[in-house]
Every structure is written in structure tokens, then in C-alpha cells.
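First comes the structure, then the notes that go with it.
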Amino acid sequence: MPRYFFHIRSSDRFETDPEGAEFETLDKAIEDARMAAREIMSEKVLLGEELDGQRFEITTEDGVVAATVLFRSALRFS
């Protein structure tokens with residue numbers, strides 16, 4: 001199973017994911033990234049912190065960016 005790494009990039013920071021996780025497909029990794037983004041954003045909202053345009057850069061084991069998931073894309077507005 002392929003391993004993907006969820007690095008977090010914002011306007012002034014880059015946090016690497018040193019362990020990664022295995023997913024059957026890239027689509028499943030993207031789905032997990034969206035759920036993680038919702039969790040991170042909900043914590044920031046509860047703490048009164050700024051939501052600053054963060055995104056996940058999902059990379060393969062060889063460092064290639066396979067997908068980018070904007071945190072705001074994980075929100076649903078009616």
C-alpha cells in the first residue's frame with residue numbers, strides 16, 4: 001500500500017509529516033486530509049486563533065506532491 005505524507009503549509013510556516021500513513025488510493029488520502037483539516041480548524045476556532053489559509057501538501061514517499069488540499073475546501077456552506 002502506498003504511503004503518503006501530509007505536510008502543512010501556511011503563509012509563513014511549513015510543518016513536515018515525518019511518519020506519513022498508508023492509504024489504498026490517493027483519493028482515500030485526500031478524504032483523510034479533509035477530515036484532518038476540519039479537526040484542525042475546529043480546534044483553532046475554539047481557541048480563537050486565526051484561520052490563515054493553511055493547506056496540506058500530500059506527498060508520495062519519494063517527495064513528489066501528489067495533491068494539495070486547502071483547509072477551507074473541507075468546509076461545507078449551505
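Here, A, B, ... name the chains of the C-alpha cells in the order displayed, residue numbers run from 1 inside each chain, and ligands are numbered from 1 in the same displayed order.
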task: Would you list the contacts of A:Thr25 as a list in words, taking every protein, DNA or RNA residue within 10 Å and counting only C-alpha atoms, but skipping same-chain residues closer than 3 positions in sequence?
output: Met1, Pro2, Arg3, Tyr4, Glu22, Lys28, Ala29 and Ile30 of chain A
Kindly export the residues of the current selection with C-alpha atoms, as a compact mmCIF listing (two decimals), in the first residue's frame.
# COMPACT_ATOMS: atom_id res chain seq x y z
CA MET A 1 0.00 0.00 0.00
CA PRO A 2 1.38 3.46 -0.83
CA ARG A 3 2.49 5.79 1.96
CA TYR A 4 1.52 9.46 1.81
CA GLU A 22 -0.65 4.19 4.23
CA LYS A 28 -8.59 7.99 0.31
CA ALA A 29 -5.59 10.04 1.44
CA ILE A 30 -7.32 13.23 0.23
field: Test item, helix (DSSP H, G or I) assignment across chain A, answer as a count of residues only
entry: 25
- prompt: Excluding same-chain residues fewer than 4 positions from A:Arg76, what lies within 12 Å of it counting only C-alpha atoms, as JSON, numbers by chain?
  reply: {"A": [34, 35, 38, 71, 72]}
- request: Find the residues near A:Ala36: any atom within 10 Å, counting only C-alpha atoms, skip ones fewer than 3 places away on the same chain, and give them as a list in words.
  value: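 The residues that qualify are Phe6, Ile30, Glu31, Asp32, Ala33, Glu39, Ile40, Met41, Ser42, Phe56, Phe71 and Ala74 of chain A.
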Grab the residues selected above and save them as a compact mmCIF listing (two decimals), in the first residue's frame with N, CA, C and O atoms.
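Output file part_24.txt follows:
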# COMPACT_ATOMS: atom_id res chain seq x y z
N PHE A 6 1.47 14.08 4.92
CA PHE A 6 0.60 15.26 4.96
C PHE A 6 1.37 16.42 5.55
O PHE A 6 1.32 16.68 6.75
N ILE A 30 -6.72 11.90 0.32
CA ILE A 30 -7.32 13.23 0.23
C ILE A 30 -8.53 13.31 1.16
O ILE A 30 -8.71 14.31 1.86
N GLU A 31 -9.35 12.28 1.20
CA GLU A 31 -10.51 12.25 2.08
C GLU A 31 -10.06 12.37 3.55
O GLU A 31 -10.64 13.13 4.32
N ASP A 32 -9.01 11.66 3.91
CA ASP A 32 -8.49 11.74 5.28
C ASP A 32 -7.93 13.13 5.57
O ASP A 32 -8.11 13.66 6.68
N ALA A 33 -7.28 13.73 4.59
CA ALA A 33 -6.73 15.08 4.77
C ALA A 33 -7.85 16.09 5.02
O ALA A 33 -7.72 16.99 5.86
N GLU A 39 -10.79 18.98 11.67
CA GLU A 39 -10.42 18.87 13.08
C GLU A 39 -9.48 20.00 13.49
O GLU A 39 -9.67 20.62 14.54
N ILE A 40 -8.47 20.26 12.68
CA ILE A 40 -7.51 21.32 12.99
C ILE A 40 -8.21 22.68 13.03
O ILE A 40 -8.00 23.48 13.94
N MET A 41 -9.07 22.94 12.04
CA MET A 41 -9.77 24.23 12.01
C MET A 41 -10.72 24.38 13.19
O MET A 41 -10.84 25.47 13.75
N SER A 42 -11.39 23.31 13.59
CA SER A 42 -12.32 23.41 14.72
C SER A 42 -11.56 23.74 16.00
O SER A 42 -12.03 24.54 16.81
N PHE A 56 -2.77 21.22 3.16
CA PHE A 56 -1.95 20.02 3.19
C PHE A 56 -1.30 19.86 1.83
O PHE A 56 -1.96 20.02 0.80
N PHE A 71 -7.36 23.80 3.45
CA PHE A 71 -8.19 23.54 4.62
C PHE A 71 -9.61 24.03 4.38
O PHE A 71 -10.57 23.36 4.72
N ALA A 74 -12.43 21.89 2.99
CA ALA A 74 -13.04 20.86 3.82
C ALA A 74 -14.34 21.35 4.48
O ALA A 74 -15.08 20.57 5.06
Excluding A:Ala67 and residues on its chain fewer than 2 positions from it, collect all residues at most 9 Å away from it, counting only C-alpha atoms, and give them as a PDB file with C-alpha atoms, in the first residue's frame.
ATOM      1  CA  LEU A  26      -4.678   8.875  -3.307  1.00  0.00           C
ATOM      2  CA  ILE A  30      -7.321  13.227   0.232  1.00  0.00           C
ATOM      3  CA  PHE A  56      -1.951  20.020   3.193  1.00  0.00           C
ATOM      4  CA  GLU A  57       0.647  19.118   0.611  1.00  0.00           C
ATOM      5  CA  ILE A  58       0.221  15.386   0.234  1.00  0.00           C
ATOM      6  CA  THR A  59       3.443  13.843  -0.997  1.00  0.00           C
ATOM      7  CA  VAL A  65       3.478  16.435  -4.346  1.00  0.00           C
ATOM      8  CA  VAL A  69      -5.852  20.138  -0.017  1.00  0.00           C
TER       9      VAL A  69
END
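Between atom CA of A:Glu49 and atom CA of A:Thr16 the interatomic distance comes to 21.0 Å.
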field: Spatial neighbours of stretch 10-15 of chain A, 9 Å, only C-alpha atoms, chain gap at least 6 places, as a VMD selection string
entry: chain A and resid 52 to 56
- request: Could you tell me, as a list in words, which residues of chain A DSSP assigns to strand (DSSP E or B) when given the backbone?
  value: Arg3, Tyr4, Phe5, Phe6, His7, Ile8, Arg9, Phe14, Glu15, Ala21, Glu22, Arg55, Phe56, Glu57, Ile58, Thr59, Val65, Ala66, Ala67, Thr68, Val69 and Leu70 of chain A
query: Which value, in Å to one decimal, gives the distance between atom CA of A:Arg9 and atom CA of A:Leu46?
result: 21.0 Å
